[in-house]
Structure formats: structure tokens, C-alpha cells
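Report on the following structure.
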Amino acid sequence: MRHVDEYRDARAIEVVRARVEARLSRNRTLMEVCGGQTHSILKFGLDQLFPERLQLVHGPGCPVCVTPLEEIDRALAIAETEGTIFCSFGDMLRVPGSTHDLLIAKARGADVRIVYSPVDAVAIAREEPDREVVFFAVGFETTAPANAMAIRTAAREGLDNFSMLVAHVLVPPALEALLGDDDCRIEGLLAPGHVCVVTGMHDYHSVARRHSIPIVVTGFEPLDLMLGIDRCVEMIESGEVGVVNAYERAARADGNPAARELLADVFSVCDRKWRGIGEIPASGYEIAPAFRRFDARTRFAVSCIEAQEPAECMAGLVLQGRLKPTECPQFGRRCTPQNPMGATMVSSEGACAAYFQYGRPADVGASA
Amino acid sequence: MTASTDMRASNGVARLRGGGIACPLPIDDRAVVQMAHGGGGTKTAEIIEGMLLPALTEAAVAATPGQDCRVQAGELSDGAIVQVGDERLAFSTDSFVVSPRFFPGGDIGSLAIHGTVNDLAMCGAVPLTLSLALVLEEGLEMAELQRIVDSIAAASAAVGVPVTTGDTKVVDRGKGDGVYINTTGIGRITAPVDLSPSNCRPGDAILVSGPIGDHGVAIMAARGGLHLDTDVVSDSASVVDLAMAVLTAAPNTRVLRDPTRGGVATVLCELADASSVAFDVDEHHVPVRPGVRAACELLGLDPLYVACEGRFLAIVPPEEADAALAAMQSRADGAAAAVIGEVAQGPAHVVLRTAIGSRRRLTRLSGEQLPRIC
């Protein structure tokens with residue numbers, strides 16, 4: 001398949017791998033930020049090819065995993081409101097709230113629908129004018145433009161029965177929080193390629209400068225990842241600080257200006273709680289005042305719903321790259337995708353789920 | 001395919017499980033039936049192994065058949081084997097709730113014939129006859145029902161297995177999804193084969209009869225919500241003749257299984273568990289059509305977990321592997337058959353050699369396959 005096979009070529013990957021190995025003067029620790037990258041590393045077993053001196057820790061870039069407990073509780077409260085049609089991406093349905101998840105709400109009679117685009121939810125609102133239709137907007141800057149577009153469409157068409165529960169999170173503030181921690185041992189970052197396709201790289205320059213670190217915008221195929229690692233290691237070894245684009249076929253320095261304009265129009269930046277990490281200032285989007293009538297949080301009066309996460313949850317450590325999933329005592333034992341103890345075991349982009357699904361024989365007990 | 005469950009069955013309340021570290025929220029989701037319970041993965045196994053087998057195995061022991069009748073329950077296979085005198089019969093049933101009812105490459109009617117004759121073939125049986133039960137929803141267009149019945153008749157004639165008994169029920173509008181179909185079949189096992197899932201031995205070859213994932217992708221594309229423009233058509237077809245050709249060429253075939261819900265990966269995990277052996281699969285050798293691969297890349301799905309309705313896996317001893325493969329490839333319906341790996345010494349697990357040469361585990365499908373967010 002074109003645009004895929006050439007980035008999964010074992011020989012090309014080996015050439016780059018050997019280059020990385022030759023560059024490494026001592027042990028180096030990198031973080032791949034995006035859950036899609038984590039997933040790809042585990043799915044293709046790229047980690048098995050890493051030189052001994054290279055360690056990748058997995059970042060907080062799984063939007064499903066970092067959506068806070070109270071947001072799931074709010075989603076459940078809205079979904080269980082009589083007459084509501086609650087639309088969501090499939091990934092969110094299995095994430096546990098305080099007492100249950102959206103799949104169980106659906107099984108008990110709530111009208112919860114999996115959609116593949118927020119525009120589909122707008123179409124449902126158009127077809128069902130007598131019912132409230134709510135879309136659960138989660139994700140990083142990558143999914144935000146389509147959600148902004150949905151709100152703008154609803155505004156243009158005057159669809160008063162449409163609203164959105166927005167839990168958007170932003171990558172750069174999370175990186176600031178991680179790198180600002182005194183215990184941080186990350187020497188270089190592989191930035192999320194698809195986020196940069198939307199936002200461009202502007203915000204990453206200040207992060208790199210402030211923390212004296214190289215940041216390499218990286219793609220998702222095995223060769224993309226190895227090339228990103230190569231560039232990052234080269235910069236670390238030569239003491240180079242700054243932002244470099246190793247995903248040139250998709251990401252540009254200024255991102256997608258039309259998408260950025262749309263985001264600036266429909267959303268405004270707000271403080272946001274991250275599951276397992278806590279509140280990070282200016283790290284999320286909320287609906288801008290001009291479009292506030294589409295905010296499900298006020299329409300359904302669920303702002304008051306609060307939930308406290310157990311402080312000792314290990315998923316937070318995994319999301320910060322401080323704990324490998326397999327280092328958790330419950331991994332593959334009490335905690336499995338079937339009976340997840342944390343969101344990182346639920347989402348397809350969660351690090352724990354990736355380790356479980358694509359695990360090595362030694363990681364996951366003996367039974368198939 | 002859609003899971004056949006009454007989603008309104010509701011009792012009990014989910015609660016938190018205590019003890020151990022307090023990560024967010026293990027949830028007791030056993031209180032109500034969910035779609036994933038019909039997905040063919042670990043949740044389906046919960047119902048079968050946790051509820052059906054304990055209840056029904058006891059009942060089966062209490063009701064012993066007559067002296068000339070011996071029943072080998074098909075709890076982990078596609079059907080039961082009933083010995084009556086010298087005759088070995090296979091007995092299997094399947095229900096069909098697919099949505100949409102018409103899709104590229106087939107429809108619920110032909111699928112209902114293929115599904116059950118294929119299950120019989122996986123027992124090593126030549127199908128003799130089928131029953132047909134229709135559950136119709138009030139308001140279904142008569143013309144649509146006629147199309148479905150015509151398709152049932154055509155498929156039954158094509159595979160040469162007559163429908164000889166049946167039942168029709170109608171439920172109130174809103175209580176069913178147009179048409180549900182159940183077919184049950186009886187077949188005769190003529191060759192002296194023993195196709196138990198526990199038969200696999202180290203050294204055996206793993207064969208697949210054709211490209212995988214066509215049916216699942218065709219259904220997902222036909223559902224409309226994805227706006228997925230693809231030319232993939234369902235592989236829904238009878239595999240009876242192809243399976244018989246394999247059993248003739250490789251009479252010591254260990255086991256045959258059709259990878260329907262849960263796909264190839266889930267079936268291999270079940271067989272590895274049942275035989276306490278390891279399965280080594282080479283991703284490069286698994287036949288997947290470009291359209292299926294592209295759709296799966298787009299949706300974040302793995303073709304190894306996507307359902308087929310006209311393919312089967314054959315685990316064959318090494319000395320018969322070439323003959324089995326040749327028997328498949330010499331036929332039009334097995335032309336793309338391939339050896340995708342081999343059985344190794346335990347522990348019981350399935351390991352995939354990836355496209356870039358690394359190794360990772362394949363586990364059973366957990367929950368439903370849900371397209372990812374981004």
C-alpha cells in the first residue's frame with residue numbers, strides 16, 4: 001500500500017537504527033508525546049529494535065486517558081437525561097466514570113450513539129428537532145477543528161437542540177508541566193505530528209528554549225518514529241536546542257491557518273484538569289462566549305458535578321512517563337482491558353492497553 | 001456483526017470493587033447485557049463459560065441419551081457431534097441479526113445459510129438439512145421479506161442443502177430490527193476425522209483459506225456512518241466443498257475453524273489455549289486485500305480481528321501441509337490460501353512476527369471493535 005509500506009520497510013528502519021546506535025554516547029531518555037506513537041511503537045515492536053542505550057518513555061498524549069473523571073460523570077448525567085441523544089466517539093464509551101461507563105448507560109436504556117465525526121451529530125440534531133443532541137468533544141488540537149466546525153454549522157443553521165460537552169486538552173501546556181517537574185529525566189521530545197499539522201510548531205519553540213531541550217516533530221509509522229528518534233538523539237548529543245520537523249510530508253511550521261482561525265473563533269483557552277495529573281493552567285479549550293449557547297455544561301447544569309480521583313492511582317504515573325505499564329503490580333493481573341482499573345488500560349491509545357494488546361510473551365502471564 | 005442481545009434487560013447496579021490499589025474505578029459491568037457480550041471475544045466467553053456451560057453441562061449429564069446415542073458437546077467448537085449407531089452426525093445452530101440486512105456481497109438471507117453450513121463443515125460434516133426460524137418485526141415491507149426469502153432459497157439451492165422445517169414469529173414494531181434469522185443444521189461426518197480444538201501439536205502448519213476481513217469491512221462500510229468509500233465486498237460463502245477438499249488431501253487435519261466474530265486472532269488464541277501450544281504467525285504471510293488493509297488503517301482496526309464469513313483456518317500436521325495448501329489453491333474459492341505460521345511448543349499463546357520483523361502477542365478480542373478517535 002502506497003504511503004504506508006515504504007515507512008514499514010525493515011531494511012530502511014535498520015539503517016536508521018544503526019545510525020542512532022552509533023550516535024549514542026551514553027544512556028538517553030526520550031519521550032514520545034502522542035498515544036498514537038506509543039501504540040505504533042508497541043504494535044510494530046519497534047522498541048525491540050532500540051539500541052540498549054535508548055529508552056523511550058510514554059507521554060500523556062492519549063485524549064481518552066486524560067479526560068477527567070468528573071467529565072465522564074457529566075457525560076453520564078447528560079446521557080441519562082430523558083429525551084437526550086448522546087453522541088460520542090467509540091473510544092469514550094468504555095472509560096469508567098465514578099459508578100459506571102457510557103456502554104452500561106446505553107445497555108440500561110440511554111440513547112448513546114457512536115458517531116465517527118461531530119458533523120454526524122449535527123446531522124442527527126437536524127433530523128431530530130424535538131430532542132436534545134449532545135456531542136462529547138474530547139481530544140487534543142487534532143480533533144478540535146472538526147468540533148469547532150460542527151458548532152459553527154449548528155450556529156449557522158440555528159440548531160438550538162445541539163450542544164457540545166467540551167473536554168479538549170492542549171499539548172504544549174502539558175509538556176511545560178512535565179518538563180517543569182524537578183524529577184524529569186527526559187532529554188528530548190518527539191512531538192505529536194498530527195497535532196502540529198493543525199497548530200504548527202510555534203508554541204513548541206518556547207517550550208524547547210525554556211527547558212533547553214530538543215523537540216522533534218515526528219510521525220507515526222515505524223520509519224517515521226525511527227527518523228524522529230535519530231534526529232532527536234543527534235541534537236541531544238550535539239547539545240542542540242530547538243524544534244525540528246521530521247514529519248515534513250504532513251506538518252508545516254505554521255500548521256493549518258484555516259483550522260487555527262476556526263479554533264480561535266469558536267474556542268477560548270481555559271484551565272483544565274487532566275486525569276491522573278491534575279489541573280494544568282491554560283491547558284484546555286472551552287466554548288467561546290459568542291457560542292456559549294452550545295455549551296452542554298450549562299444547558300444541562302452539570303458544571304456542579306465534581307469527582308475526586310484516588311490519589312494513589314498509578315495511571316497518572318504512567319501518563320507522566322514515570323512508570324512503565326509493566327512496572328505496575330496490577331498490570332495484566334487485576335488490570336486488563338476486560339477489567340480496566342485505569343483509563344490507560346481502556347483506550348486504544350492508552351499506554352497500558354498498548355502494552356497489553358501488543359505485549360511480549362513475558363509481559364502478560366502465560367495464558368492466551 | 002451486531003450482537004443479538006436485549007439491551008433493556010436491567011437489574012442490579014454497577015458498583016465499585018474494593019481492595020488493592022485504587023486506580024480509577026473497576027466497574028462491575030456484569031449487571032446488564034452489553035453489545036460486547038455478543039462480540040465473540042472475551043465478553044462472549046464470559047456468558048458461555050460463566051453461565052451457559054455450568055448450567056447446561058449439569059443438565060446434559062442428568063438427561064443421558066439412549067444407549068445407541070452418544071453426544072460430544074460442541075462447547076468450544078462450531079457444533080456438537082452426535083453418534084447414533086454407526087452414524088456420526090454434526091449438529092449446529094446460528095442466529096443472524098446483521099445490520100444492514102443487505103450489503104455488498106450478500107444479505108442476511110444467504111448469510112444465514114452459509115453460516116450454519118460452514119459451522120457443520122468445520123465439524124468435518126457434509127450438511128444434510130437445515131431448519132429456518134424467522135423473527136419478523138411488524139411493519140417490515142413484504143417486498144423486502146420476499147427478497148430475503150429468495151436469497152435464502154438461492155443459497156440453499158447453490159450449496160445443495162434443503163431447508164426442511166421452520167418457524168415464523170412476528171414481534172411488535174420497535175421490538176425487533178426488521179428480521180432476525182436462526183438456522184440449525186444437521187450434517188453427516190463420513191470421513192474418519194477427529195477435529196477437536198485440543199488436537200494442535202508443535203510443528204503443525206496454520207493455513208487460512210483466503211484473504212481475511214472482507215466481511216467485517218464490507219459491513220462497516222455499508223453501515224453508512226463511516227462514509228467509507230470502498231469496493232470491498234463480503235466474503236459470505238459456503239466453504240463446505242473447500243473444507244471437504246482439505247480433509248481429503250490432508251486426512252489427519254487437526255482442526256478446522258471459521259474466523260467469524262473476533263477474527264483470526266481470537267480463533268487462534270482459543271485453539272492455542274485448548275491445545276496448550278504456542279502459535280507463531282507471520283504477518284507478512286497473512287493474506288489481506290488492499291481495500292481491507294486500507295480501511296483498517298483508516299479506522300485503526302487490525303484485520304486479524306475482523307470477521308470473515310467465507311474463510312476458514314486449518315491446522316494441519318507438517319507432512320500434510322503441502323497437500324492441504326495445494327488442495328485449496330487448486331480451487332477458485334481457495335486460490336489465495338496461504339500458510340500463515342506454525343504451531344510451536346507451549347506456553348499457550350499466539351505470537352505475531354510483525355512487518356518490521358519484531359514479535360508481539362496476539363490476544364483475544366476484548367469488547368467490541370470500536371474505531372479509534374484519531
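Each chain in the C-alpha cells gets a letter, A, B and so on, in the order shown; residues start at 1 in every chain, and ligands are counted from 1 in the order they appear.
The neighbours of stretch 157-172 of chain A here are the residues that come within 7 Å of it, using only C-alpha atoms and leaving out any residue fewer than 4 positions away in the same chain; they are Thr67, Val122, Ala125, Arg126, Pro129, Arg131, Glu132, Val133, Val134, Phe135, Phe136, Ala137, Val138, Gly139, Phe140, Glu141, Thr153, Glu176, Asp203, Tyr204, Ser283, Gly284, Tyr285, Glu286, Phe294, Asp295, Ala296 and Arg297 of chain A.
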- Task: Excluding stretch 223-238 of chain B and residues on its chain fewer than 2 positions from it, collect all residues at most 8 Å away from it, counting only C-alpha atoms, and give them as a PyMOL selection string.
- Result: (chain A and resi 115-116+120) or (chain B and resi 99-100+103-106+110-111+114-115+117-118+159+214-221+240-241+291-292+295+308-311)
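With only C-alpha atoms as the atoms that count, the residue of B:Ile108, B:Leu271, B:Met122, B:Met244 with the shortest distance to B:Ala155 is B:Ile108.
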Long-range neighbours of A:Arg94 as an mmCIF file with N, CA and C atoms, in the first residue's frame, 9 Å cut-off, only C-alpha atoms, 4 positions minimum in chain:
```cif
data_model
loop_
_atom_site.group_PDB
_atom_site.id
_atom_site.type_symbol
_atom_site.label_atom_id
_atom_site.label_comp_id
_atom_site.auth_asym_id
_atom_site.auth_seq_id
_atom_site.Cartn_x
_atom_site.Cartn_y
_atom_site.Cartn_z
ATOM 1 N N GLY A 90 -16.355 6.173 19.685
ATOM 2 C CA GLY A 90 -16.457 4.877 20.346
ATOM 3 C C GLY A 90 -15.510 4.711 21.522
ATOM 4 N N HIS A 100 -20.143 4.043 36.678
ATOM 5 C CA HIS A 100 -20.311 3.170 35.512
ATOM 6 C C HIS A 100 -19.775 3.869 34.275
ATOM 7 N N ASP A 101 -19.960 3.272 33.115
ATOM 8 C CA ASP A 101 -19.477 3.903 31.886
ATOM 9 C C ASP A 101 -20.631 4.085 30.900
ATOM 10 N N LEU A 102 -20.355 4.723 29.771
ATOM 11 C CA LEU A 102 -21.417 5.044 28.815
ATOM 12 C C LEU A 102 -22.005 3.792 28.164
ATOM 13 N N LEU A 103 -21.195 2.733 28.029
ATOM 14 C CA LEU A 103 -21.740 1.493 27.455
ATOM 15 C C LEU A 103 -22.806 0.903 28.367
ATOM 16 N N ILE A 104 -22.565 0.999 29.673
ATOM 17 C CA ILE A 104 -23.562 0.470 30.613
ATOM 18 C C ILE A 104 -24.794 1.370 30.613
ATOM 19 N N ALA A 343 -7.917 4.428 33.091
ATOM 20 C CA ALA A 343 -8.257 4.752 31.706
ATOM 21 C C ALA A 343 -7.144 4.376 30.735
ATOM 22 N N VAL A 346 -7.935 1.376 29.024
ATOM 23 C CA VAL A 346 -9.180 1.323 28.250
ATOM 24 C C VAL A 346 -8.957 1.731 26.801
ATOM 25 N N SER A 347 -8.387 2.904 26.620
ATOM 26 C CA SER A 347 -8.334 3.495 25.295
ATOM 27 C C SER A 347 -7.344 2.772 24.401
#
```
- Two-atom distance - atom CA of B:Val97, atom CA of B:Pro162 (Å): 21.6 Å
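Here atom CA of B:Arg261 and atom CA of B:Gly39 stand 6.1 Å from one another.
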Please identify which residues in stretch 227-307 of chain B DSSP calls helix (DSSP H, G or I) from the backbone, and express them as an mmCIF file with C-alpha atoms, in the first residue's frame.
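For reference, selection25.cif as written:
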```cif
data_model
loop_
_atom_site.group_PDB
_atom_site.id
_atom_site.type_symbol
_atom_site.label_atom_id
_atom_site.label_comp_id
_atom_site.auth_asym_id
_atom_site.auth_seq_id
_atom_site.Cartn_x
_atom_site.Cartn_y
_atom_site.Cartn_z
ATOM 1 C CA VAL B 240 -18.221 -26.847 2.516
ATOM 2 C CA ASP B 241 -16.587 -28.058 -0.712
ATOM 3 C CA LEU B 242 -13.271 -26.390 0.081
ATOM 4 C CA ALA B 243 -13.217 -27.892 3.571
ATOM 5 C CA MET B 244 -14.003 -31.357 2.189
ATOM 6 C CA ALA B 245 -11.172 -30.945 -0.337
ATOM 7 C CA VAL B 246 -8.769 -30.178 2.531
ATOM 8 C CA LEU B 247 -9.954 -33.168 4.563
ATOM 9 C CA THR B 248 -9.494 -35.438 1.536
ATOM 10 C CA ALA B 249 -5.991 -34.153 0.804
ATOM 11 C CA GLY B 263 -11.495 -12.823 13.633
ATOM 12 C CA VAL B 264 -8.412 -14.948 13.032
ATOM 13 C CA ALA B 265 -6.570 -13.735 16.136
ATOM 14 C CA THR B 266 -9.350 -14.710 18.545
ATOM 15 C CA VAL B 267 -9.763 -18.168 16.969
ATOM 16 C CA LEU B 268 -6.024 -18.828 17.165
ATOM 17 C CA CYS B 269 -5.981 -17.800 20.836
ATOM 18 C CA GLU B 270 -8.834 -20.209 21.555
ATOM 19 C CA LEU B 271 -7.063 -23.054 19.769
ATOM 20 C CA ALA B 272 -3.730 -22.282 21.494
ATOM 21 C CA ASP B 273 -5.499 -22.405 24.846
ATOM 22 C CA ALA B 274 -7.416 -25.603 24.031
ATOM 23 C CA SER B 275 -4.258 -27.406 22.846
ATOM 24 C CA GLU B 283 2.131 -11.019 9.449
ATOM 25 C CA HIS B 284 3.758 -10.928 6.019
ATOM 26 C CA HIS B 285 2.059 -14.188 5.051
ATOM 27 C CA PRO B 290 -5.520 -3.871 -0.227
ATOM 28 C CA GLY B 291 -9.020 -2.431 0.282
ATOM 29 C CA VAL B 292 -9.392 -4.198 3.622
ATOM 30 C CA ARG B 293 -5.936 -3.128 4.705
ATOM 31 C CA ALA B 294 -6.599 0.473 3.753
ATOM 32 C CA ALA B 295 -9.965 0.542 5.566
ATOM 33 C CA CYS B 296 -8.403 -0.994 8.665
ATOM 34 C CA GLU B 297 -5.533 1.518 8.643
ATOM 35 C CA LEU B 298 -8.069 4.319 8.401
ATOM 36 C CA LEU B 299 -10.280 3.027 11.198
ATOM 37 C CA PRO B 303 -7.575 -7.203 10.025
ATOM 38 C CA LEU B 304 -6.655 -10.116 12.285
ATOM 39 C CA TYR B 305 -9.688 -9.230 14.436
#
```
Within 8 Å of A:Gly255, counting only C-alpha atoms, which residues show up once you throw out same-chain ones fewer than 6 positions away? Write them as a PDB file with N, CA and C atoms, in the first residue's frame, please.
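Below is the file that was written, around-v4.pdb:
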```
ATOM      1  N   CYS A 196       0.697  18.964  15.325  1.00  0.00           N
ATOM      2  CA  CYS A 196       1.431  20.045  14.655  1.00  0.00           C
ATOM      3  C   CYS A 196       0.890  20.322  13.254  1.00  0.00           C
ATOM      4  N   VAL A 197       0.294  19.324  12.637  1.00  0.00           N
ATOM      5  CA  VAL A 197      -0.344  19.554  11.337  1.00  0.00           C
ATOM      6  C   VAL A 197      -1.385  20.664  11.485  1.00  0.00           C
ATOM      7  N   VAL A 198      -2.086  20.695  12.625  1.00  0.00           N
ATOM      8  CA  VAL A 198      -3.105  21.709  12.880  1.00  0.00           C
ATOM      9  C   VAL A 198      -2.475  22.998  13.413  1.00  0.00           C
ATOM     10  N   THR A 199      -1.675  22.871  14.482  1.00  0.00           N
ATOM     11  CA  THR A 199      -1.251  24.069  15.223  1.00  0.00           C
ATOM     12  C   THR A 199       0.028  24.687  14.687  1.00  0.00           C
ATOM     13  N   GLY A 200       0.803  23.921  13.928  1.00  0.00           N
ATOM     14  CA  GLY A 200       2.135  24.391  13.585  1.00  0.00           C
ATOM     15  C   GLY A 200       3.072  24.197  14.766  1.00  0.00           C
ATOM     16  N   MET A 201       4.257  24.790  14.699  1.00  0.00           N
ATOM     17  CA  MET A 201       5.285  24.481  15.688  1.00  0.00           C
ATOM     18  C   MET A 201       5.638  25.652  16.584  1.00  0.00           C
TER      19      MET A 201
END
```
- note - atom CA of B:Pro202 and atom CA of B:Val277 are separated by 6.8 Å
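If only C-alpha atoms are the atoms counted, then among B:Ala31, B:Val135, B:Ala348, B:Leu325 the closest residue to chain A is B:Ala348.
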Determine, counting only C-alpha atoms, which protein, DNA and RNA residues have an atom within 8 Å of an atom of A:His39; residues of the same chain fewer than 5 positions away are not included. Present the result as a PDB file with N, CA, C and O atoms, in the first residue's frame.
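Output file result_14.pdb is given in full below:
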```pdb
ATOM      1  N   SER A 348      -7.658   2.771  23.101  1.00  0.00           N
ATOM      2  CA  SER A 348      -6.731   2.157  22.154  1.00  0.00           C
ATOM      3  C   SER A 348      -5.411   2.911  22.118  1.00  0.00           C
ATOM      4  O   SER A 348      -4.400   2.395  21.699  1.00  0.00           O
ATOM      5  N   GLU A 349      -5.414   4.170  22.567  1.00  0.00           N
ATOM      6  CA  GLU A 349      -4.160   4.928  22.583  1.00  0.00           C
ATOM      7  C   GLU A 349      -3.502   4.931  23.951  1.00  0.00           C
ATOM      8  O   GLU A 349      -2.445   5.525  24.143  1.00  0.00           O
ATOM      9  N   GLY A 350      -4.137   4.302  24.930  1.00  0.00           N
ATOM     10  CA  GLY A 350      -3.558   4.266  26.270  1.00  0.00           C
ATOM     11  C   GLY A 350      -2.333   3.370  26.304  1.00  0.00           C
ATOM     12  O   GLY A 350      -2.301   2.313  25.679  1.00  0.00           O
ATOM     13  N   ALA A 351      -1.321   3.803  27.071  1.00  0.00           N
ATOM     14  CA  ALA A 351      -0.067   3.052  27.099  1.00  0.00           C
ATOM     15  C   ALA A 351      -0.281   1.643  27.662  1.00  0.00           C
ATOM     16  O   ALA A 351       0.270   0.671  27.143  1.00  0.00           O
ATOM     17  N   ALA A 354      -1.925  -0.563  25.101  1.00  0.00           N
ATOM     18  CA  ALA A 354      -0.982  -0.896  24.026  1.00  0.00           C
ATOM     19  C   ALA A 354      -0.026  -1.994  24.487  1.00  0.00           C
ATOM     20  O   ALA A 354       0.242  -2.948  23.764  1.00  0.00           O
TER      21      ALA A 354
END
```
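Using only C-alpha atoms, the shortest contact distance between B:Ala90 and any of B:His37, B:Arg173, B:Arg147, B:Arg188 is found at B:Arg188.
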- List the neighbours of A:Ser212 out to 12 Å using only C-alpha atoms; skip same-chain residues closer than 2 positions along the sequence, and give me the result as an MDAnalysis selection string. chainID A and resid 176 179:180 186:189 204:210 214:215 235:236 239:243
- Message: At a cut-off of 10 Å, using only C-alpha atoms, what residues contact stretch 268-282 of chain A? Leave out same-chain residues fewer than 6 positions from it and give the result as number ranges by chain.
- Response: A: 60, 63-71, 167-170, 172-174, 176-178, 288-289, 309-320, 342-344; B: 23-24
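Nearest to chain A of all the residues B:Ala323, B:Val339, B:Gly300, B:Leu136 is B:Gly300, based on only C-alpha atoms.
Remark: for B:Thr44, the closest of the candidate residues A:Asn27, A:Gln338, A:Thr326, A:Asn245 is A:Gln338 (distances computed over only C-alpha atoms).
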- Give the strand (DSSP E) residues of stretch 113-167 of chain A, as assigned by DSSP on the backbone, as a ChimeraX atom specification. /A:113-114,132-139,162-167
File of the preceding selection, N, CA and C atoms, as a PDB file, in the first residue's frame:
```pdb
ATOM      1  N   ARG A 113     -25.035   7.062  21.163  1.00  0.00           N
ATOM      2  CA  ARG A 113     -24.713   6.650  19.794  1.00  0.00           C
ATOM      3  C   ARG A 113     -23.236   6.903  19.489  1.00  0.00           C
ATOM      4  N   ILE A 114     -22.621   5.916  18.851  1.00  0.00           N
ATOM      5  CA  ILE A 114     -21.256   6.103  18.370  1.00  0.00           C
ATOM      6  C   ILE A 114     -21.327   6.825  17.037  1.00  0.00           C
ATOM      7  N   GLU A 132     -32.823  16.799  22.358  1.00  0.00           N
ATOM      8  CA  GLU A 132     -31.520  17.407  22.608  1.00  0.00           C
ATOM      9  C   GLU A 132     -30.423  16.452  22.132  1.00  0.00           C
ATOM     10  N   VAL A 133     -29.538  16.945  21.297  1.00  0.00           N
ATOM     11  CA  VAL A 133     -28.436  16.117  20.799  1.00  0.00           C
ATOM     12  C   VAL A 133     -27.119  16.714  21.301  1.00  0.00           C
ATOM     13  N   VAL A 134     -26.357  15.879  22.001  1.00  0.00           N
ATOM     14  CA  VAL A 134     -25.114  16.353  22.617  1.00  0.00           C
ATOM     15  C   VAL A 134     -23.939  15.560  22.064  1.00  0.00           C
ATOM     16  N   PHE A 135     -22.866  16.266  21.729  1.00  0.00           N
ATOM     17  CA  PHE A 135     -21.647  15.588  21.276  1.00  0.00           C
ATOM     18  C   PHE A 135     -20.559  15.755  22.332  1.00  0.00           C
ATOM     19  N   PHE A 136     -19.873  14.658  22.613  1.00  0.00           N
ATOM     20  CA  PHE A 136     -18.802  14.645  23.617  1.00  0.00           C
ATOM     21  C   PHE A 136     -17.484  14.941  22.903  1.00  0.00           C
ATOM     22  N   ALA A 137     -17.000  16.175  23.069  1.00  0.00           N
ATOM     23  CA  ALA A 137     -15.815  16.622  22.327  1.00  0.00           C
ATOM     24  C   ALA A 137     -14.562  16.422  23.167  1.00  0.00           C
ATOM     25  N   VAL A 138     -13.861  15.331  22.898  1.00  0.00           N
ATOM     26  CA  VAL A 138     -12.595  15.089  23.577  1.00  0.00           C
ATOM     27  C   VAL A 138     -11.478  15.122  22.543  1.00  0.00           C
ATOM     28  N   GLY A 139     -10.267  15.218  23.036  1.00  0.00           N
ATOM     29  CA  GLY A 139      -9.135  15.140  22.117  1.00  0.00           C
ATOM     30  C   GLY A 139      -8.218  16.336  22.251  1.00  0.00           C
ATOM     31  N   PHE A 162     -28.801  21.369  19.544  1.00  0.00           N
ATOM     32  CA  PHE A 162     -27.462  20.776  19.512  1.00  0.00           C
ATOM     33  C   PHE A 162     -26.565  21.454  20.545  1.00  0.00           C
ATOM     34  N   SER A 163     -25.772  20.643  21.243  1.00  0.00           N
ATOM     35  CA  SER A 163     -24.767  21.222  22.141  1.00  0.00           C
ATOM     36  C   SER A 163     -23.590  20.272  22.268  1.00  0.00           C
ATOM     37  N   MET A 164     -22.544  20.768  22.918  1.00  0.00           N
ATOM     38  CA  MET A 164     -21.305  20.004  22.984  1.00  0.00           C
ATOM     39  C   MET A 164     -20.752  20.018  24.410  1.00  0.00           C
ATOM     40  N   LEU A 165     -20.350  18.849  24.883  1.00  0.00           N
ATOM     41  CA  LEU A 165     -19.636  18.757  26.161  1.00  0.00           C
ATOM     42  C   LEU A 165     -18.149  18.737  25.817  1.00  0.00           C
ATOM     43  N   VAL A 166     -17.494  19.860  26.068  1.00  0.00           N
ATOM     44  CA  VAL A 166     -16.120  20.035  25.582  1.00  0.00           C
ATOM     45  C   VAL A 166     -15.105  19.683  26.670  1.00  0.00           C
ATOM     46  N   ALA A 167     -14.215  18.765  26.344  1.00  0.00           N
ATOM     47  CA  ALA A 167     -13.139  18.384  27.267  1.00  0.00           C
ATOM     48  C   ALA A 167     -11.804  18.416  26.535  1.00  0.00           C
TER      49      ALA A 167
END
```
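Counting only C-alpha atoms and comparing A:Val95, A:Met31, A:Leu227, A:Leu54, the residue that lies closest to chain B is A:Val95.
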